[in-house]
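Participant: Handing you a structure now.
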Amino acid sequence: MAKSLVIVESPAKAKTISKYLGSEYIVESSVGHIRDLPKKAATNIKRSSIPKGLSPEEKEKLKSINDRNRLIRRMGIDPDNGWKADWQIIPEKEKVIKSLKQAAKKVDHIYLATDLDREGEAIAWHLKEALGPEKYEYSRVRFNQITKSAIIDSFADPKEIDLDLVKAYRARRFLDKVIGFELSPLLWKKIARGLSAGRVQSVALRVLDERERLIQEFIPEEFWEVSMNLQNNANDIIPFSLNRKKSDPLLQKDEAERIKDLVNSHDLKINEITKKPVKVKPRAPFITSTLQQAASTKLSFNVKRTMRVAQKLYEAGHITYMRTDAPSLSKESIQDARNYINDKLGDKYLTNAPRIYSSTENAQEAHEAVRPTNAFMSPNDLIGSSEEEIRLYGLIWQQYIACQMPDAEYLSTSVKVEIEDYVFSAKGREVVFDGYTKITQNISSDGDEDILPIMQEGESLSLDSINLEQKFTKPPARFSEAALVKELEKKGIGRPSTYANIISTIQDRGYVEIQNRRFFVKKIGHIVTERLIESFDDIMNYDFTANLENNLDKVANGDLDWRNVLDNFYKAFQNDLASASEESNGMRSNKPTPTNIICPDCGNNTMVIRNSSNGVFLGCSGYDNEGDDKCKKTVNLISGDEAISVDDKEEAKNLLIKERCNICDTSMDNYLIDENRKLHVCAKSPDCNGHAVEEGLFKIRGYDGPTLECHKCGSEMQLKTGRFGKYFGCLNDNCGTTRALQRNGEPKPLTMEPISIPDLACLKCEDHYLLRDSMKGLFLAASKYPKNRETRAPKVSEINQLSMEISEACRFLPQSDKHSYLMSAPEKDKDGNPYVIRYNKSEDTHYLASEKDGKKTKWTAIYNNGEWVQNLKK
């Protein structure tokens with residue numbers, strides 16, 4: 001019988017670890033956190049009744065006390081009484097806890113082998129508390145790589161749970177909770193419903209907002225660049241560019257034309273040739289932030305994807321722990337890399353002494369850098385891994401090997417041609433010794449400069465061509481995910497384990513969006529940031545946030561009391577919250593911007609520009625009126641980036657330089673009201689009332705309309721504006737069919753009509769399923785959406801009796817037999833497991849994958865040449 005239970009976070013990690021431990025160990029998974037503070041269910045707490053006979057002052061005081069108690073119960077933490085917490089088992093994890101308790105009964109000892117950062121330490125602590133701290137003997141084991149030697153060593157020297165790390169985790173969790181619960185209602189009251197704020201996420205939003213403001217206020221200036229191609233006696237073409245210093249004024253067109261005339265009228269010869277050796281050092285092995293940046297730049301992975309793939313590599317035992325801010329390497333790992341270099345590349349690629357990379361000043365814990373667990377396992381040796389895992393591993397492996405290799409050596413050459421006071425240069429770089437680039441050259445983003453032909457000073461050259469190019473100065477670049485992580489790290493905001501969550505949160509809240517891999521701050525994001533900076537200068541201050549992070553690090557090291565850190569923060573926060581909540585002198589509200597546009601419904605009032613959590617829209621100013629004078633008319637606006645003018649030349653000019661506000665000279669956002677009007681709104685709205693209406697002929701980008709043929713009745717469908725934006729509506733009143741408009745201006749592809757299956761009950765709610773079609777294939781969804789949001793993939797047995805219903809629902813599609821082939825699909829695989837219908841996006845077709853106890857088996861089936869073919873993966 002096994003004598004010890006080992007608990008890790010993930011099933012994949014459990015599977016890898018169990019290979020290295022003997023039969024005396026049972027390895028189970030908690031599947032992440034098992035306890036948390038109360039969630040949404042706690043919001044249903046009833047208000048306490050107020051006794052009769054009290055004075056107005058007593059009633060107000062009692063109401064305040066009741067509201068405070070209710071808030072504390074909802075948060076699950078009590079700042080007024082030593083920060084007591086109401087930790088609860090996460091509902092979805094009740095089965096996991098029950099299973100772990102059953103396994104614990106069979107053992108004498110429990111090893112908590114969760115990850116080695118604060119979050120991992122917290123999971124270990126929660127597990128001990130949930131299973132019973134006094135019932136069993138517990139040990140904490142930590143390892144930064146899942147290899148046999150690391151596992152055996154950690155179990156040979158078990159430790160206790162580091163309560164200082166747990167305190168740091170609790171302090172961070174409680175800070176974020178109180179800010180979210182106490183500040184968010186203020187934003188609902190002052191700005192718009194559905195908003196929220198966070199201790200770190202709001203500061204990250206400020207970073208993006210400040211950059212966005214600089215872009216909006218930037219006024220492009222015209223300048224010119226001059227370049228020429230010269231030819232030597234050997235008929236080699238050499239490109240030369242005009243040298244300009246940063247302190248030089250922008251080159252204007254008339255001066256550029258003068259330079260062109262000088263070039264055409266002068267003899268051209270080489271005045272100076274300089275050559276100097278250049279050495280380039282390899283970069284340090286990856287830490288979390290640099291890995292995220294490199295994966296973004298070289299692999300086009302976003303931060304979330306990078307961490308997900310890295311987690312898989314870690315759990316499979318291929319790399320060390322991926323959440324670290326220390327670039328240091330152990331002696332063993334350095335020697336492993338040097339052994340590989342010596343064996344595979346030769347001693348000329350081996351440095352005389354190992355390269356040592358030290359940790360940064362604010363490194364959270366003494367972790368190693370992100371590196372392979374085995375230097376001799378190249379990316380080609382990662383058999384059975386996915387393509388994205390191999391690509392990311394290749395990045396990590398090459399950086400690790402390269403960091404112990406010699407500098408790359410180049411001979412940099414500069415050739416100058418002088419024409420009066422103007423100097424043209426041609427530059428080239430020749431590889432003398434490839435050094436570390438021998439291992440990184442296939443992923444390097446730094447391409448070598450051209451190698452110049454052999455030339456001599458005084459040598460005459462002939463003009464092949466000269467080019468004058470008009471350009472405009474550029475505003476500061478928008479942040480990519482990688483650049484944002486770098487900036488947050490530079491300012492000391494967040495830690496390696498939080499970067500991915502920060503980026504996801506500000507997107508999920510609707511404050512920013514990513515286009516072309518760059519952040520764009522939405523209007524509501526601007527307003528929230530502006531108001532928070534004004535009313536909560538501590539929370540939004542970069543230094544304050546960085547110092548708070550440092551204090552949390554000190555708590556983790558046992559140098560500060562966690563409750564003192566919380567109390568000091570909370571006292572200042574409560575003062576700011578009280579001031580911001582005042583009606584007259586508190587946080588500024590989100591006032592609508594008045595316009596001269598007449599309401600199309602009532603005709604008595606003008607429309608105002610409103611900013612909500614869902615976007616910018618026009619609303620009738622009569623909304624605030626009482627009785628019959630009240631008007632609820634709204635007009636959705638489509639971003640001007642999706643609308644183009646009929647006059648292409650004029651539109652190209654507008655895209656280069658936006659309309660500018662006549663009040664503050666800031667660039668203006670533009671929105672399409674309808675096909676004849678475009679609304680320009682100052683980017684600083686609602687703090688600036690600047691706006692203008694442009695008359696003209698406009699259309700949605702990519703849409704060549706104005707009409708479509710209705711797929712149901714054949715009548716005309718016209719472009720209309722509705723609650724959720726632009727759509728196509730049938731003009732036949734007896735039909736009423738609609739069709740959505742995609743962002744690219746194309747009508748949404750037709751899909752099957754939903755089919756009700758009243759006999760098929762939902763699994764998680766009291767409802768029945770509809771069979772729905774989408775651009776991602778068939779799926780089952782609760783009929784009472786959005787009240788019930790349950791969805792899942794259908795089993796073959798659940799829909800293969802719906803042949804007539806599916807045929808009827810597809811009758812308006814170009815392919816009326818679109819899903820008919822699924823009716824002949826096998827219900828079960830050859831082992832008797834039910835087949836589930838899945839969708840392959842790349843091939844735009846459905847296939848079957850069987851499941852057993854909710855998990856995929858190795859059986860699949862595809863429809864090929866009129867029949868279903870079953871396959872068993874090896």
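How things are named: the first chain in the structure tokens is A, the next is B, and so on; residues count from 1 in each chain; ligands count from 1 in the order shown.
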Would you kindly return, as an MDAnalysis selection string, each protein, DNA or RNA residue with an atom no farther than 10 Å from any atom of Lys633 (chain A), considering only C-alpha atoms and excluding same-chain residues fewer than 4 positions away?
Facilitator: chainID A and resid 599:602 607 618:623
Participant: Please identify all polymer residues within 8 Å of Thr320 (chain A), counting only C-alpha atoms, omitting same-chain residues fewer than 5 positions from it, and present them as a PDB file with N, CA, C and O atoms, in the first residue's frame.
Facilitator:
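Contents of out34.pdb, as written:
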ATOM      1  N   ASN A 144      12.516  23.517  -9.355  1.00  0.00           N
ATOM      2  CA  ASN A 144      12.321  24.469 -10.450  1.00  0.00           C
ATOM      3  C   ASN A 144      12.345  23.784 -11.813  1.00  0.00           C
ATOM      4  O   ASN A 144      12.260  24.441 -12.839  1.00  0.00           O
ATOM      5  N   GLN A 145      12.461  22.449 -11.798  1.00  0.00           N
ATOM      6  CA  GLN A 145      12.381  21.692 -13.034  1.00  0.00           C
ATOM      7  C   GLN A 145      11.865  20.299 -12.710  1.00  0.00           C
ATOM      8  O   GLN A 145      12.152  19.751 -11.643  1.00  0.00           O
ATOM      9  N   ILE A 146      11.107  19.731 -13.629  1.00  0.00           N
ATOM     10  CA  ILE A 146      10.517  18.421 -13.376  1.00  0.00           C
ATOM     11  C   ILE A 146      11.382  17.364 -14.062  1.00  0.00           C
ATOM     12  O   ILE A 146      11.050  16.847 -15.141  1.00  0.00           O
ATOM     13  N   TYR A 314       7.085  23.060 -19.209  1.00  0.00           N
ATOM     14  CA  TYR A 314       7.548  22.853 -17.838  1.00  0.00           C
ATOM     15  C   TYR A 314       6.964  21.572 -17.261  1.00  0.00           C
ATOM     16  O   TYR A 314       7.681  20.752 -16.667  1.00  0.00           O
ATOM     17  N   GLU A 368      16.090  30.238 -10.976  1.00  0.00           N
ATOM     18  CA  GLU A 368      16.974  30.249 -12.149  1.00  0.00           C
ATOM     19  C   GLU A 368      16.254  30.902 -13.318  1.00  0.00           C
ATOM     20  O   GLU A 368      15.032  31.107 -13.291  1.00  0.00           O
ATOM     21  N   ALA A 369      17.012  31.187 -14.358  1.00  0.00           N
ATOM     22  CA  ALA A 369      16.422  31.672 -15.599  1.00  0.00           C
ATOM     23  C   ALA A 369      15.578  30.562 -16.224  1.00  0.00           C
ATOM     24  O   ALA A 369      15.648  29.397 -15.826  1.00  0.00           O
ATOM     25  N   VAL A 370      14.782  30.928 -17.224  1.00  0.00           N
ATOM     26  CA  VAL A 370      14.025  29.934 -17.979  1.00  0.00           C
ATOM     27  C   VAL A 370      15.000  29.267 -18.948  1.00  0.00           C
ATOM     28  O   VAL A 370      15.567  29.938 -19.813  1.00  0.00           O
ATOM     29  N   ARG A 371      15.203  27.979 -18.787  1.00  0.00           N
ATOM     30  CA  ARG A 371      16.182  27.262 -19.619  1.00  0.00           C
ATOM     31  C   ARG A 371      15.730  25.816 -19.819  1.00  0.00           C
ATOM     32  O   ARG A 371      14.885  25.294 -19.075  1.00  0.00           O
ATOM     33  N   PRO A 372      16.313  25.116 -20.795  1.00  0.00           N
ATOM     34  CA  PRO A 372      16.033  23.684 -20.951  1.00  0.00           C
ATOM     35  C   PRO A 372      16.594  22.900 -19.767  1.00  0.00           C
ATOM     36  O   PRO A 372      17.586  23.304 -19.154  1.00  0.00           O
ATOM     37  N   THR A 373      15.966  21.787 -19.464  1.00  0.00           N
ATOM     38  CA  THR A 373      16.486  20.933 -18.387  1.00  0.00           C
ATOM     39  C   THR A 373      17.640  20.077 -18.876  1.00  0.00           C
ATOM     40  O   THR A 373      18.401  19.538 -18.076  1.00  0.00           O
TER      41      THR A 373
END
Participant: Going by DSSP on the backbone, which residues of region 100-230 of chain A come out as alpha helix (DSSP H)? List them as a ChimeraX atom specification.
Facilitator: /A:100-104,118-131,148-156,163-190,201-217
Participant: Here is a test: counting only C-alpha atoms, which residue of A:Ala85, A:Met228, A:Leu100, A:Ala14 is nearest to Thr114 (chain A)?
Facilitator: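 So, comparing all the options, the nearest one is A:Ala14.
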Participant: Extract, using only C-alpha atoms, all DNA, RNA and protein residues at most 12 Å from Thr274 (chain A), discarding same-chain residues fewer than 6 positions from it, and format them as a list of chain:residue names.
Facilitator: A:Leu411, A:Ser412, A:Thr413, A:Ser414, A:Val415, A:Lys416, A:Ser425, A:Ala426, A:Lys427, A:Gly428, A:Arg429, A:Met455, A:Gln456, A:Glu457
Participant: Just the number, please: distance in Å from CA of Val6 (chain A) to CA of Glu28 (chain A), one decimal.
Facilitator: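 Calculated distance between CA of Val6 (chain A) and CA of Glu28 (chain A) is 6.2 Å.
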Participant: Can you tell me which residues surround region 505-516 of chain A at a distance of at most 7 Å, considering only C-alpha atoms, apart from same-chain residues fewer than 3 positions away, and format the answer as a PyMOL selection string?
Facilitator: chain A and resi 201+205+501-502+519-522+524-525+613
Participant: Quick one: of A:Asn547, A:Asn564, A:Asn467, A:Ser756, who's nearest to Asp261 (chain A), counting only C-alpha atoms?
Facilitator: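 Checking each candidate against Asp261 (chain A), we get A:Asn467 as the closest.
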Participant: Identify, on the basis of only C-alpha atoms, every residue whose closest approach to region 71-81 of chain A does not exceed 7 Å; exclude the query and any residue fewer than 3 positions from it along the same chain; express the result as a list in words.
Facilitator: Leu37, Pro38, Ala42, Thr43, Asp67, Arg68, Lys84, Ala85, Asp86, Lys177 and Phe181 of chain A
Participant: Would you list the contacts of Glu418 (chain A) as a VMD selection string, taking every protein, DNA or RNA residue within 9 Å and counting only C-alpha atoms, but skipping same-chain residues closer than 4 positions in sequence?
Facilitator: chain A and resid 268 to 272 422 to 425
Participant: Could you save the residues just selected, with all heavy atoms, as a PDB file, in the first residue's frame?
Facilitator:
ATOM      1  N   LEU A 268      31.327  63.098 -58.242  1.00  0.00           N
ATOM      2  CA  LEU A 268      31.132  62.316 -57.024  1.00  0.00           C
ATOM      3  C   LEU A 268      32.334  61.421 -56.788  1.00  0.00           C
ATOM      4  O   LEU A 268      32.723  60.641 -57.663  1.00  0.00           O
ATOM      5  CB  LEU A 268      29.855  61.465 -57.139  1.00  0.00           C
ATOM      6  CG  LEU A 268      28.574  62.246 -57.486  1.00  0.00           C
ATOM      7  CD1 LEU A 268      27.402  61.297 -57.709  1.00  0.00           C
ATOM      8  CD2 LEU A 268      28.242  63.248 -56.390  1.00  0.00           C
ATOM      9  N   LYS A 269      32.922  61.540 -55.621  1.00  0.00           N
ATOM     10  CA  LYS A 269      34.069  60.695 -55.291  1.00  0.00           C
ATOM     11  C   LYS A 269      34.051  60.379 -53.795  1.00  0.00           C
ATOM     12  O   LYS A 269      33.419  61.076 -52.994  1.00  0.00           O
ATOM     13  CB  LYS A 269      35.375  61.387 -55.668  1.00  0.00           C
ATOM     14  CG  LYS A 269      35.672  62.648 -54.899  1.00  0.00           C
ATOM     15  CD  LYS A 269      37.021  63.230 -55.313  1.00  0.00           C
ATOM     16  CE  LYS A 269      37.323  64.496 -54.517  1.00  0.00           C
ATOM     17  NZ  LYS A 269      38.654  65.059 -54.866  1.00  0.00           N
ATOM     18  N   ILE A 270      34.759  59.318 -53.436  1.00  0.00           N
ATOM     19  CA  ILE A 270      34.806  58.877 -52.041  1.00  0.00           C
ATOM     20  C   ILE A 270      35.762  59.773 -51.268  1.00  0.00           C
ATOM     21  O   ILE A 270      36.945  59.880 -51.602  1.00  0.00           O
ATOM     22  CB  ILE A 270      35.246  57.402 -51.943  1.00  0.00           C
ATOM     23  CG1 ILE A 270      34.206  56.510 -52.646  1.00  0.00           C
ATOM     24  CG2 ILE A 270      35.420  56.986 -50.487  1.00  0.00           C
ATOM     25  CD1 ILE A 270      34.626  55.072 -52.766  1.00  0.00           C
ATOM     26  N   ASN A 271      35.260  60.427 -50.228  1.00  0.00           N
ATOM     27  CA  ASN A 271      36.095  61.327 -49.421  1.00  0.00           C
ATOM     28  C   ASN A 271      36.696  60.638 -48.204  1.00  0.00           C
ATOM     29  O   ASN A 271      37.766  61.034 -47.728  1.00  0.00           O
ATOM     30  CB  ASN A 271      35.263  62.529 -48.947  1.00  0.00           C
ATOM     31  CG  ASN A 271      34.756  63.365 -50.101  1.00  0.00           C
ATOM     32  OD1 ASN A 271      33.664  63.153 -50.589  1.00  0.00           O
ATOM     33  ND2 ASN A 271      35.569  64.312 -50.578  1.00  0.00           N
ATOM     34  N   GLU A 272      36.019  59.609 -47.694  1.00  0.00           N
ATOM     35  CA  GLU A 272      36.519  58.983 -46.474  1.00  0.00           C
ATOM     36  C   GLU A 272      35.991  57.554 -46.371  1.00  0.00           C
ATOM     37  O   GLU A 272      34.838  57.279 -46.687  1.00  0.00           O
ATOM     38  CB  GLU A 272      36.072  59.784 -45.247  1.00  0.00           C
ATOM     39  CG  GLU A 272      36.547  59.230 -43.914  1.00  0.00           C
ATOM     40  CD  GLU A 272      35.995  60.001 -42.725  1.00  0.00           C
ATOM     41  OE1 GLU A 272      35.603  61.175 -42.908  1.00  0.00           O
ATOM     42  OE2 GLU A 272      35.943  59.433 -41.625  1.00  0.00           O
ATOM     43  N   TYR A 422      27.001  68.881 -47.435  1.00  0.00           N
ATOM     44  CA  TYR A 422      26.179  67.682 -47.244  1.00  0.00           C
ATOM     45  C   TYR A 422      27.044  66.423 -47.350  1.00  0.00           C
ATOM     46  O   TYR A 422      27.945  66.348 -48.185  1.00  0.00           O
ATOM     47  CB  TYR A 422      25.051  67.639 -48.274  1.00  0.00           C
ATOM     48  CG  TYR A 422      24.141  68.846 -48.185  1.00  0.00           C
ATOM     49  CD1 TYR A 422      24.272  69.910 -49.091  1.00  0.00           C
ATOM     50  CD2 TYR A 422      23.173  68.945 -47.189  1.00  0.00           C
ATOM     51  CE1 TYR A 422      23.441  71.020 -49.015  1.00  0.00           C
ATOM     52  CE2 TYR A 422      22.348  70.063 -47.093  1.00  0.00           C
ATOM     53  CZ  TYR A 422      22.484  71.090 -48.004  1.00  0.00           C
ATOM     54  OH  TYR A 422      21.679  72.196 -47.919  1.00  0.00           O
ATOM     55  N   VAL A 423      26.744  65.461 -46.480  1.00  0.00           N
ATOM     56  CA  VAL A 423      27.508  64.208 -46.447  1.00  0.00           C
ATOM     57  C   VAL A 423      26.553  63.031 -46.647  1.00  0.00           C
ATOM     58  O   VAL A 423      25.542  62.898 -45.939  1.00  0.00           O
ATOM     59  CB  VAL A 423      28.259  64.032 -45.110  1.00  0.00           C
ATOM     60  CG1 VAL A 423      29.010  62.705 -45.096  1.00  0.00           C
ATOM     61  CG2 VAL A 423      29.209  65.199 -44.867  1.00  0.00           C
ATOM     62  N   PHE A 424      26.886  62.183 -47.626  1.00  0.00           N
ATOM     63  CA  PHE A 424      26.145  60.939 -47.857  1.00  0.00           C
ATOM     64  C   PHE A 424      27.002  59.774 -47.377  1.00  0.00           C
ATOM     65  O   PHE A 424      28.218  59.779 -47.557  1.00  0.00           O
ATOM     66  CB  PHE A 424      25.824  60.759 -49.338  1.00  0.00           C
ATOM     67  CG  PHE A 424      24.739  61.672 -49.846  1.00  0.00           C
ATOM     68  CD1 PHE A 424      25.030  62.988 -50.213  1.00  0.00           C
ATOM     69  CD2 PHE A 424      23.434  61.217 -49.979  1.00  0.00           C
ATOM     70  CE1 PHE A 424      24.038  63.829 -50.684  1.00  0.00           C
ATOM     71  CE2 PHE A 424      22.438  62.062 -50.456  1.00  0.00           C
ATOM     72  CZ  PHE A 424      22.735  63.364 -50.808  1.00  0.00           C
ATOM     73  N   SER A 425      26.352  58.762 -46.773  1.00  0.00           N
ATOM     74  CA  SER A 425      27.089  57.603 -46.255  1.00  0.00           C
ATOM     75  C   SER A 425      26.494  56.302 -46.758  1.00  0.00           C
ATOM     76  O   SER A 425      25.274  56.184 -46.941  1.00  0.00           O
ATOM     77  CB  SER A 425      27.067  57.582 -44.718  1.00  0.00           C
ATOM     78  OG  SER A 425      27.776  58.668 -44.199  1.00  0.00           O
TER      79      SER A 425
END
Participant: Restricting the calculation to only C-alpha atoms: of A:Val280, A:Val836, A:Leu452, A:Ile151, which residue gets closest to Phe433 (chain A)?
Facilitator: A:Val280
Participant: Which one of A:Leu116, A:Leu731, A:Lys245, A:Lys344 sits closest to Met322 (chain A) if you count only C-alpha atoms?
Facilitator: A:Leu116
Participant: Let me make sure I understand: among A:Pro249, A:Gly32, A:Gly317, A:Pro496, which one has the smallest atom-to-atom distance to Phe223 (chain A) if we use only C-alpha atoms?
Facilitator: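 Of A:Pro249, A:Gly32, A:Gly317, A:Pro496, the one nearest Phe223 (chain A), counting only C-alpha atoms, is A:Pro249.
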Participant: Could you give me, as a list in words, the residues within 10 Å of region 757-770 of chain A, counting only C-alpha atoms and dropping anything in the same chain fewer than 3 positions from it?
Facilitator: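 My reading of the contact set: Pro754, Asp773, Phe779, Leu780, Ala781, Ala782, Ser783, Lys784, Tyr785, Asn788, Arg789, Glu790, Thr791, Arg792, Pro794, Glu798, Ile799 and Leu802 of chain A.
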Participant: Determine which residues of region 112-276 of chain A receive a DSSP assignment of strand (DSSP E), computed from the backbone, and state them as a list in words.
Facilitator: Leu112, Glu137, Tyr138, Ser139, Arg140, Glu222, Phe223, Trp224, Glu225, Val226, Ser227, Met228, Asn229, Leu230, Gln231, Ile237, Ile238, Pro239, Phe240, Ser241, Leu242, Leu268, Lys269, Glu272, Ile273, Thr274, Lys275 and Lys276 of chain A
Participant: So how many Å separate CA of Leu62 (chain A) and CA of Gln574 (chain A), to one decimal?
Facilitator: 19.3 Å
Participant: Quick one: of A:Glu827, A:Glu694, A:Asp576, A:Asp674, who's nearest to Leu186 (chain A), counting only C-alpha atoms?
Facilitator: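 The answer is A:Asp576, which sits nearest to Leu186 (chain A).
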